[in-house]
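S.K.: The structure that follows is given in the form of structure tokens.
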Amino acid sequence: MTEHLSAAPTGKPTSYSRVTLSKIMTAVDVNLYGTVHGGVLMKFVDDVAGAAAARHSGGTAVTAAIDEIVFSEAVRVGDLVHAHAQVNWTGQTSMEVGVRVVAERWDSAEDAPMRVATAYLVFVGVDVGGAPRSVRPVLPETPEDERRYREAEIRREHRLARRKAILAHRAG
């Protein structure tokens with residue numbers, strides 16, 4: 001474990017934040033190409049990530065950024081879709097939530113679920129007035145959780161460096 005984790009006895013283990021939402025995709029979810037609209041999946045991803053962030057932080061958490069979302073397979077009407085989320089990393093007021101979306105094909109239910117999307121979102125804990133509030137640390141439990149924590153730190157460093165470079169460019 002890192003110093004950040006050992007210095008925070010009030011933290012919660014990674015497993016505490018894990019949330020799964022499931023939904024059968026219907027005709028109202030379809031785009032013009034006959035597959036489920038990416039926006040429908042994006043909302044589903046944001047919903048499950050928000051639930052994980054709120055559970056971990058013990059209160060309201062709002063989406064600050066979608067760091068990345070990758071669609072790897074099309075989702076079809078009738079597919080049973082599961083979105084799995086967990087808090088990967090925490091800062092003072094922010095959290096990264098990782099989401100994995102899998103689908104069970106309605107016409108091949110005996111096949112293993114296939115990964116259809118992955119995403120990383122940043123949430124900020126907020127108080128009743130909407131101001132940022134401190135969130136408790138996440139405590140990775142497994143080597144996989146440790147890997148996710150380290151990779152989340154890399155994504156955070158990239159976000160901050162990108163923001164700094166853009167602001168420097170704008171300043172001329």
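Chain labels run A, B, ... following the order of the structure tokens; each chain numbers its residues from 1, and ligands are numbered from 1 in the order shown.
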Identify, on the basis of only C-alpha atoms, every residue whose closest approach to stretch 20-37 of chain A does not exceed 9 Å; exclude the query and any residue fewer than 4 positions from it along the same chain; express the result as a tab-separated table (two decimals) with all heavy atoms, in the first residue's frame.
M.R.:
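Okay, this is what ended up in result.tsv:
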chain	number	residue	atom	x	y	z
A	41	LEU	N	-25.79	4.55	-23.82
A	41	LEU	CA	-24.76	3.86	-23.04
A	41	LEU	C	-23.98	4.86	-22.18
A	41	LEU	O	-23.61	4.54	-21.04
A	41	LEU	CB	-23.82	3.08	-23.95
A	41	LEU	CG	-24.47	1.89	-24.65
A	41	LEU	CD1	-23.49	1.27	-25.64
A	41	LEU	CD2	-24.96	0.86	-23.65
A	42	MET	N	-23.73	6.06	-22.70
A	42	MET	CA	-23.02	7.07	-21.91
A	42	MET	C	-23.81	7.45	-20.66
A	42	MET	O	-23.24	7.60	-19.58
A	42	MET	CB	-22.73	8.30	-22.76
A	42	MET	CG	-21.67	8.04	-23.81
A	42	MET	SD	-21.45	9.39	-24.98
A	42	MET	CE	-20.74	10.64	-23.92
A	44	PHE	N	-25.98	5.55	-19.13
A	44	PHE	CA	-25.93	4.36	-18.28
A	44	PHE	C	-24.60	4.32	-17.51
A	44	PHE	O	-24.56	4.06	-16.31
A	44	PHE	CB	-26.11	3.12	-19.16
A	44	PHE	CG	-26.43	1.86	-18.43
A	44	PHE	CD1	-27.34	1.82	-17.39
A	44	PHE	CD2	-25.83	0.67	-18.82
A	44	PHE	CE1	-27.65	0.63	-16.74
A	44	PHE	CE2	-26.13	-0.52	-18.17
A	44	PHE	CZ	-27.04	-0.54	-17.13
A	47	ASP	N	-24.66	7.00	-14.85
A	47	ASP	CA	-25.53	6.59	-13.74
A	47	ASP	C	-24.81	5.64	-12.78
A	47	ASP	O	-24.83	5.83	-11.56
A	47	ASP	CB	-26.80	5.91	-14.25
A	47	ASP	CG	-27.79	6.86	-14.90
A	47	ASP	OD1	-27.66	8.09	-14.72
A	47	ASP	OD2	-28.70	6.37	-15.62
A	48	VAL	N	-24.17	4.60	-13.32
A	48	VAL	CA	-23.52	3.62	-12.45
A	48	VAL	C	-22.29	4.23	-11.78
A	48	VAL	O	-22.02	3.97	-10.60
A	48	VAL	CB	-23.18	2.31	-13.21
A	48	VAL	CG1	-22.03	2.49	-14.18
A	48	VAL	CG2	-22.89	1.19	-12.23
A	52	ALA	N	-21.56	4.68	-7.67
A	52	ALA	CA	-20.33	4.25	-7.00
A	52	ALA	C	-19.68	5.41	-6.26
A	52	ALA	O	-19.22	5.26	-5.13
A	52	ALA	CB	-19.36	3.64	-8.01
A	74	ALA	N	-20.83	-3.19	-30.69
A	74	ALA	CA	-22.18	-2.63	-30.78
A	74	ALA	C	-23.12	-3.40	-29.84
A	74	ALA	O	-22.97	-4.60	-29.63
A	74	ALA	CB	-22.70	-2.71	-32.20
A	75	VAL	N	-24.07	-2.68	-29.28
A	75	VAL	CA	-25.10	-3.28	-28.43
A	75	VAL	C	-26.39	-3.28	-29.24
A	75	VAL	O	-26.69	-2.32	-29.96
A	75	VAL	CB	-25.27	-2.48	-27.12
A	75	VAL	CG1	-26.40	-3.04	-26.28
A	75	VAL	CG2	-23.96	-2.47	-26.33
A	76	ARG	N	-27.15	-4.35	-29.13
A	76	ARG	CA	-28.36	-4.51	-29.93
A	76	ARG	C	-29.60	-4.55	-29.05
A	76	ARG	O	-29.51	-4.82	-27.85
A	76	ARG	CB	-28.27	-5.79	-30.75
A	76	ARG	CG	-27.01	-5.88	-31.59
A	76	ARG	CD	-26.90	-7.17	-32.36
A	76	ARG	NE	-27.10	-8.34	-31.50
A	76	ARG	CZ	-26.65	-9.55	-31.77
A	76	ARG	NH1	-25.95	-9.77	-32.85
A	76	ARG	NH2	-26.88	-10.56	-30.96
A	77	VAL	N	-30.73	-4.31	-29.67
A	77	VAL	CA	-32.01	-4.43	-28.97
A	77	VAL	C	-32.13	-5.85	-28.42
A	77	VAL	O	-31.82	-6.82	-29.12
A	77	VAL	CB	-33.19	-4.11	-29.92
A	77	VAL	CG1	-34.52	-4.48	-29.28
A	77	VAL	CG2	-33.17	-2.66	-30.30
A	78	GLY	N	-32.55	-5.95	-27.17
A	78	GLY	CA	-32.72	-7.24	-26.53
A	78	GLY	C	-31.53	-7.67	-25.70
A	78	GLY	O	-31.66	-8.57	-24.86
A	79	ASP	N	-30.38	-7.06	-25.93
A	79	ASP	CA	-29.20	-7.42	-25.14
A	79	ASP	C	-29.41	-7.01	-23.68
A	79	ASP	O	-29.96	-5.95	-23.40
A	79	ASP	CB	-27.94	-6.71	-25.66
A	79	ASP	CG	-27.44	-7.27	-26.97
A	79	ASP	OD1	-27.96	-8.31	-27.44
A	79	ASP	OD2	-26.53	-6.64	-27.55
A	80	LEU	N	-28.96	-7.88	-22.77
A	80	LEU	CA	-28.95	-7.56	-21.35
A	80	LEU	C	-27.58	-6.96	-21.05
A	80	LEU	O	-26.56	-7.63	-21.20
A	80	LEU	CB	-29.19	-8.81	-20.51
A	80	LEU	CG	-29.12	-8.65	-18.99
A	80	LEU	CD1	-30.12	-7.61	-18.49
A	80	LEU	CD2	-29.34	-9.99	-18.31
A	81	VAL	N	-27.57	-5.69	-20.67
A	81	VAL	CA	-26.33	-4.95	-20.48
A	81	VAL	C	-26.09	-4.72	-18.99
A	81	VAL	O	-27.00	-4.33	-18.27
A	81	VAL	CB	-26.37	-3.60	-21.25
A	81	VAL	CG1	-25.11	-2.81	-21.04
A	81	VAL	CG2	-26.60	-3.86	-22.74
A	82	HIS	N	-24.86	-4.99	-18.57
A	82	HIS	CA	-24.45	-4.79	-17.17
A	82	HIS	C	-23.33	-3.77	-17.15
A	82	HIS	O	-22.34	-3.91	-17.87
A	82	HIS	CB	-23.93	-6.09	-16.55
A	82	HIS	CG	-24.83	-7.26	-16.72
A	82	HIS	ND1	-25.95	-7.47	-15.96
A	82	HIS	CD2	-24.78	-8.30	-17.61
A	82	HIS	CE1	-26.54	-8.59	-16.34
A	82	HIS	NE2	-25.85	-9.11	-17.34
A	83	ALA	N	-23.46	-2.76	-16.31
A	83	ALA	CA	-22.41	-1.76	-16.11
A	83	ALA	C	-21.87	-1.93	-14.70
A	83	ALA	O	-22.61	-1.86	-13.72
A	83	ALA	CB	-22.96	-0.35	-16.31
A	84	HIS	N	-20.56	-2.19	-14.60
A	84	HIS	CA	-19.88	-2.42	-13.33
A	84	HIS	C	-18.98	-1.22	-13.06
A	84	HIS	O	-18.18	-0.84	-13.92
A	84	HIS	CB	-19.02	-3.68	-13.38
A	84	HIS	CG	-19.76	-4.90	-13.84
A	84	HIS	ND1	-20.57	-5.63	-13.01
A	84	HIS	CD2	-19.83	-5.50	-15.05
A	84	HIS	CE1	-21.08	-6.64	-13.67
A	84	HIS	NE2	-20.66	-6.59	-14.92
A	85	ALA	N	-19.08	-0.63	-11.86
A	85	ALA	CA	-18.28	0.55	-11.53
A	85	ALA	C	-17.63	0.39	-10.17
A	85	ALA	O	-18.16	-0.31	-9.29
A	85	ALA	CB	-19.17	1.80	-11.53
S.K.: Hey, what does DSSP flag as alpha helix (DSSP H) within stretch 11-139 of chain A? Can you give it to me as a ChimeraX atom specification?
M.R.: /A:14-17,38-57
S.K.: Would you save the residues from that selection as a PDB file, in the first residue's frame, using C-alpha atoms?
M.R.:
ATOM      1  CA  THR A  14     -12.419  -0.546  -3.058  1.00  0.00           C
ATOM      2  CA  SER A  15     -15.106  -3.213  -2.728  1.00  0.00           C
ATOM      3  CA  TYR A  16     -17.300  -0.808  -0.734  1.00  0.00           C
ATOM      4  CA  SER A  17     -17.887   1.358  -3.820  1.00  0.00           C
ATOM      5  CA  GLY A  38     -23.882   5.654 -27.782  1.00  0.00           C
ATOM      6  CA  GLY A  39     -25.585   8.386 -25.779  1.00  0.00           C
ATOM      7  CA  VAL A  40     -27.834   5.820 -24.104  1.00  0.00           C
ATOM      8  CA  LEU A  41     -24.761   3.865 -23.036  1.00  0.00           C
ATOM      9  CA  MET A  42     -23.022   7.071 -21.912  1.00  0.00           C
ATOM     10  CA  LYS A  43     -25.944   7.917 -19.621  1.00  0.00           C
ATOM     11  CA  PHE A  44     -25.927   4.360 -18.276  1.00  0.00           C
ATOM     12  CA  VAL A  45     -22.172   4.678 -17.600  1.00  0.00           C
ATOM     13  CA  ASP A  46     -22.685   8.028 -15.835  1.00  0.00           C
ATOM     14  CA  ASP A  47     -25.531   6.589 -13.736  1.00  0.00           C
ATOM     15  CA  VAL A  48     -23.518   3.620 -12.449  1.00  0.00           C
ATOM     16  CA  ALA A  49     -20.396   5.739 -11.911  1.00  0.00           C
ATOM     17  CA  GLY A  50     -22.435   8.292  -9.964  1.00  0.00           C
ATOM     18  CA  ALA A  51     -23.842   5.564  -7.752  1.00  0.00           C
ATOM     19  CA  ALA A  52     -20.331   4.248  -7.001  1.00  0.00           C
ATOM     20  CA  ALA A  53     -19.018   7.769  -6.283  1.00  0.00           C
ATOM     21  CA  ALA A  54     -21.932   8.604  -3.980  1.00  0.00           C
ATOM     22  CA  ARG A  55     -21.590   5.299  -2.140  1.00  0.00           C
ATOM     23  CA  HIS A  56     -17.859   5.761  -1.628  1.00  0.00           C
ATOM     24  CA  SER A  57     -18.021   9.436  -0.636  1.00  0.00           C
TER      25      SER A  57
END
S.K.: Excluding stretch 141-158 of chain A and its own-chain neighbours fewer than 2 positions away, which residues fall within 7 Å of it when counting only C-alpha atoms? Please give them as a list in words.
M.R.: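 Once the adjacent positions are removed, what remains is Pro13, Thr14, Asn88, Trp89, Glu96, Leu139, Leu160, Ala161 and Arg162 of chain A.
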S.K.: So that I have them on file, write out the residues from the current selection with all heavy atoms, as a PDB file, in the first residue's frame.
M.R.:
ATOM      1  N   PRO A  13     -12.587   0.470   1.684  1.00  0.00           N
ATOM      2  CA  PRO A  13     -11.983  -0.425   0.697  1.00  0.00           C
ATOM      3  C   PRO A  13     -12.651  -0.273  -0.671  1.00  0.00           C
ATOM      4  O   PRO A  13     -13.806   0.149  -0.774  1.00  0.00           O
ATOM      5  CB  PRO A  13     -12.225  -1.819   1.271  1.00  0.00           C
ATOM      6  CG  PRO A  13     -13.349  -1.660   2.221  1.00  0.00           C
ATOM      7  CD  PRO A  13     -13.307  -0.244   2.726  1.00  0.00           C
ATOM      8  N   THR A  14     -11.912  -0.639  -1.690  1.00  0.00           N
ATOM      9  CA  THR A  14     -12.419  -0.546  -3.058  1.00  0.00           C
ATOM     10  C   THR A  14     -13.759  -1.259  -3.202  1.00  0.00           C
ATOM     11  O   THR A  14     -14.670  -0.760  -3.852  1.00  0.00           O
ATOM     12  CB  THR A  14     -11.398  -1.150  -4.039  1.00  0.00           C
ATOM     13  OG1 THR A  14     -10.138  -0.524  -3.826  1.00  0.00           O
ATOM     14  CG2 THR A  14     -11.807  -0.938  -5.476  1.00  0.00           C
ATOM     15  N   ASN A  88     -11.618   4.024  -8.299  1.00  0.00           N
ATOM     16  CA  ASN A  88     -10.237   3.569  -8.481  1.00  0.00           C
ATOM     17  C   ASN A  88      -9.238   4.399  -7.684  1.00  0.00           C
ATOM     18  O   ASN A  88      -8.197   3.894  -7.276  1.00  0.00           O
ATOM     19  CB  ASN A  88      -9.830   3.667  -9.960  1.00  0.00           C
ATOM     20  CG  ASN A  88     -10.553   2.670 -10.821  1.00  0.00           C
ATOM     21  OD1 ASN A  88     -10.963   1.613 -10.377  1.00  0.00           O
ATOM     22  ND2 ASN A  88     -10.719   3.022 -12.084  1.00  0.00           N
ATOM     23  N   TRP A  89      -9.547   5.678  -7.504  1.00  0.00           N
ATOM     24  CA  TRP A  89      -8.590   6.621  -6.912  1.00  0.00           C
ATOM     25  C   TRP A  89      -9.373   7.746  -6.259  1.00  0.00           C
ATOM     26  O   TRP A  89     -10.467   8.102  -6.717  1.00  0.00           O
ATOM     27  CB  TRP A  89      -7.692   7.179  -8.016  1.00  0.00           C
ATOM     28  CG  TRP A  89      -6.752   8.249  -7.577  1.00  0.00           C
ATOM     29  CD1 TRP A  89      -5.478   8.074  -7.108  1.00  0.00           C
ATOM     30  CD2 TRP A  89      -6.992   9.657  -7.556  1.00  0.00           C
ATOM     31  NE1 TRP A  89      -4.913   9.281  -6.794  1.00  0.00           N
ATOM     32  CE2 TRP A  89      -5.842  10.289  -7.069  1.00  0.00           C
ATOM     33  CE3 TRP A  89      -8.083  10.465  -7.901  1.00  0.00           C
ATOM     34  CZ2 TRP A  89      -5.723  11.663  -6.914  1.00  0.00           C
ATOM     35  CZ3 TRP A  89      -7.975  11.833  -7.746  1.00  0.00           C
ATOM     36  CH2 TRP A  89      -6.801  12.414  -7.262  1.00  0.00           C
ATOM     37  N   GLU A  96     -11.755   9.132  -9.112  1.00  0.00           N
ATOM     38  CA  GLU A  96     -11.896   8.529 -10.434  1.00  0.00           C
ATOM     39  C   GLU A  96     -12.691   7.258 -10.274  1.00  0.00           C
ATOM     40  O   GLU A  96     -12.416   6.448  -9.396  1.00  0.00           O
ATOM     41  CB  GLU A  96     -10.544   8.186 -11.060  1.00  0.00           C
ATOM     42  CG  GLU A  96     -10.759   7.621 -12.471  1.00  0.00           C
ATOM     43  CD  GLU A  96      -9.595   6.885 -13.049  1.00  0.00           C
ATOM     44  OE1 GLU A  96      -9.479   5.656 -12.803  1.00  0.00           O
ATOM     45  OE2 GLU A  96      -8.807   7.522 -13.763  1.00  0.00           O
ATOM     46  N   LEU A 139      -9.200   2.519  -0.369  1.00  0.00           N
ATOM     47  CA  LEU A 139      -8.169   1.598   0.091  1.00  0.00           C
ATOM     48  C   LEU A 139      -8.145   0.367  -0.816  1.00  0.00           C
ATOM     49  O   LEU A 139      -8.977  -0.531  -0.660  1.00  0.00           O
ATOM     50  CB  LEU A 139      -8.440   1.176   1.537  1.00  0.00           C
ATOM     51  CG  LEU A 139      -8.633   2.317   2.548  1.00  0.00           C
ATOM     52  CD1 LEU A 139      -9.082   1.776   3.898  1.00  0.00           C
ATOM     53  CD2 LEU A 139      -7.356   3.123   2.675  1.00  0.00           C
ATOM     54  N   LEU A 160      -4.025  17.060 -15.746  1.00  0.00           N
ATOM     55  CA  LEU A 160      -3.470  18.308 -15.226  1.00  0.00           C
ATOM     56  C   LEU A 160      -2.445  18.904 -16.182  1.00  0.00           C
ATOM     57  O   LEU A 160      -2.422  20.126 -16.400  1.00  0.00           O
ATOM     58  CB  LEU A 160      -2.863  18.083 -13.844  1.00  0.00           C
ATOM     59  CG  LEU A 160      -3.856  17.702 -12.743  1.00  0.00           C
ATOM     60  CD1 LEU A 160      -3.118  17.370 -11.458  1.00  0.00           C
ATOM     61  CD2 LEU A 160      -4.902  18.767 -12.525  1.00  0.00           C
ATOM     62  N   ALA A 161      -1.592  18.071 -16.776  1.00  0.00           N
ATOM     63  CA  ALA A 161      -0.595  18.563 -17.737  1.00  0.00           C
ATOM     64  C   ALA A 161      -1.268  19.123 -18.979  1.00  0.00           C
ATOM     65  O   ALA A 161      -0.854  20.166 -19.518  1.00  0.00           O
ATOM     66  CB  ALA A 161       0.373  17.448 -18.110  1.00  0.00           C
ATOM     67  N   ARG A 162      -2.308  18.466 -19.454  1.00  0.00           N
ATOM     68  CA  ARG A 162      -3.039  18.949 -20.637  1.00  0.00           C
ATOM     69  C   ARG A 162      -3.675  20.304 -20.344  1.00  0.00           C
ATOM     70  O   ARG A 162      -3.582  21.235 -21.142  1.00  0.00           O
ATOM     71  CB  ARG A 162      -4.100  17.925 -21.051  1.00  0.00           C
ATOM     72  CG  ARG A 162      -4.856  18.321 -22.316  1.00  0.00           C
ATOM     73  CD  ARG A 162      -5.863  17.258 -22.743  1.00  0.00           C
ATOM     74  NE  ARG A 162      -6.848  17.027 -21.715  1.00  0.00           N
ATOM     75  CZ  ARG A 162      -7.165  15.830 -21.237  1.00  0.00           C
ATOM     76  NH1 ARG A 162      -6.583  14.745 -21.678  1.00  0.00           N
ATOM     77  NH2 ARG A 162      -8.098  15.714 -20.309  1.00  0.00           N
TER      78      ARG A 162
END
S.K.: Which parts of chain A does DSSP call strand (DSSP E or B) when run on the backbone here, written out as a PyMOL selection string?
M.R.: chain A and resi 12-13+19-24+30+36+61-71+80-90+94-104+114-126+132+138-139
S.K.: What does the distance between atom CA of A:Val126 and atom CA of A:Thr63 come to in Å, to one decimal place?
M.R.: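 Distance reported for this atom pair: 10.4 Å.
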S.K.: Using only C-alpha atoms, which protein or nucleic acid residues come within 6 Å of A:Pro113? Drop anything in the same chain fewer than 6 positions from it, and give the result as a PDB file with N, CA and C atoms, in the first residue's frame.
M.R.:
ATOM      1  N   VAL A 102     -20.625  -4.709 -20.044  1.00  0.00           N
ATOM      2  CA  VAL A 102     -20.680  -5.982 -20.778  1.00  0.00           C
ATOM      3  C   VAL A 102     -22.112  -6.240 -21.213  1.00  0.00           C
ATOM      4  N   ALA A 103     -22.247  -7.042 -22.276  1.00  0.00           N
ATOM      5  CA  ALA A 103     -23.577  -7.364 -22.791  1.00  0.00           C
ATOM      6  C   ALA A 103     -23.730  -8.863 -22.969  1.00  0.00           C
ATOM      7  N   GLU A 104     -24.909  -9.334 -22.622  1.00  0.00           N
ATOM      8  CA  GLU A 104     -25.299 -10.710 -22.912  1.00  0.00           C
ATOM      9  C   GLU A 104     -26.246 -10.632 -24.100  1.00  0.00           C
TER      10      GLU A 104
END
S.K.: Need to verify the contact set: A:Ala64, 10 Å, only C-alpha atoms, exclusion of same-chain residues closer than 6 positions in sequence. Can you return it as a ChimeraX atom specification?
M.R.: /A:94-96,121-125
S.K.: Residues as selected, N, CA and C atoms, written as a PDB file, in the first residue's frame, can you do that?
M.R.:
ATOM      1  N   SER A  94     -11.969  14.879  -5.112  1.00  0.00           N
ATOM      2  CA  SER A  94     -12.340  14.194  -6.348  1.00  0.00           C
ATOM      3  C   SER A  94     -12.058  12.699  -6.287  1.00  0.00           C
ATOM      4  N   MET A  95     -12.699  11.977  -7.199  1.00  0.00           N
ATOM      5  CA  MET A  95     -12.560  10.529  -7.299  1.00  0.00           C
ATOM      6  C   MET A  95     -12.553  10.138  -8.761  1.00  0.00           C
ATOM      7  N   GLU A  96     -11.755   9.132  -9.112  1.00  0.00           N
ATOM      8  CA  GLU A  96     -11.896   8.529 -10.434  1.00  0.00           C
ATOM      9  C   GLU A  96     -12.691   7.258 -10.274  1.00  0.00           C
ATOM     10  N   LEU A 121     -14.345   8.151 -15.323  1.00  0.00           N
ATOM     11  CA  LEU A 121     -15.010   9.403 -15.032  1.00  0.00           C
ATOM     12  C   LEU A 121     -14.435  10.001 -13.759  1.00  0.00           C
ATOM     13  N   VAL A 122     -14.457  11.325 -13.682  1.00  0.00           N
ATOM     14  CA  VAL A 122     -14.012  12.024 -12.489  1.00  0.00           C
ATOM     15  C   VAL A 122     -15.238  12.644 -11.827  1.00  0.00           C
ATOM     16  N   PHE A 123     -15.395  12.377 -10.538  1.00  0.00           N
ATOM     17  CA  PHE A 123     -16.488  12.936  -9.750  1.00  0.00           C
ATOM     18  C   PHE A 123     -15.911  13.786  -8.635  1.00  0.00           C
ATOM     19  N   VAL A 124     -16.690  14.768  -8.215  1.00  0.00           N
ATOM     20  CA  VAL A 124     -16.320  15.616  -7.082  1.00  0.00           C
ATOM     21  C   VAL A 124     -17.424  15.495  -6.044  1.00  0.00           C
ATOM     22  N   GLY A 125     -17.030  15.256  -4.819  1.00  0.00           N
ATOM     23  CA  GLY A 125     -17.994  15.272  -3.721  1.00  0.00           C
ATOM     24  C   GLY A 125     -18.406  16.705  -3.457  1.00  0.00           C
TER      25      GLY A 125
END
S.K.: Calculate how many Å separate atom CA of A:Val99 from atom CA of A:Ile69, rounding to one decimal.
M.R.: 9.0 Å
S.K.: Separation of atom CA of A:Val19 and atom CA of A:Gly58, in Å?
M.R.: 14.0 Å
S.K.: May I have the residues within 9 Å of A:Phe71 as a ChimeraX atom specification, using only C-alpha atoms and disregarding those fewer than 3 positions away in the same chain?
M.R.: /A:38,74,115-119
S.K.: Given the choices A:Arg18, A:Arg159, A:Arg105, A:Arg133, which gets closest to A:Thr93 if the distance is worked out from only C-alpha atoms?
M.R.: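 Counting only C-alpha atoms, the residue closest to A:Thr93 is A:Arg133.
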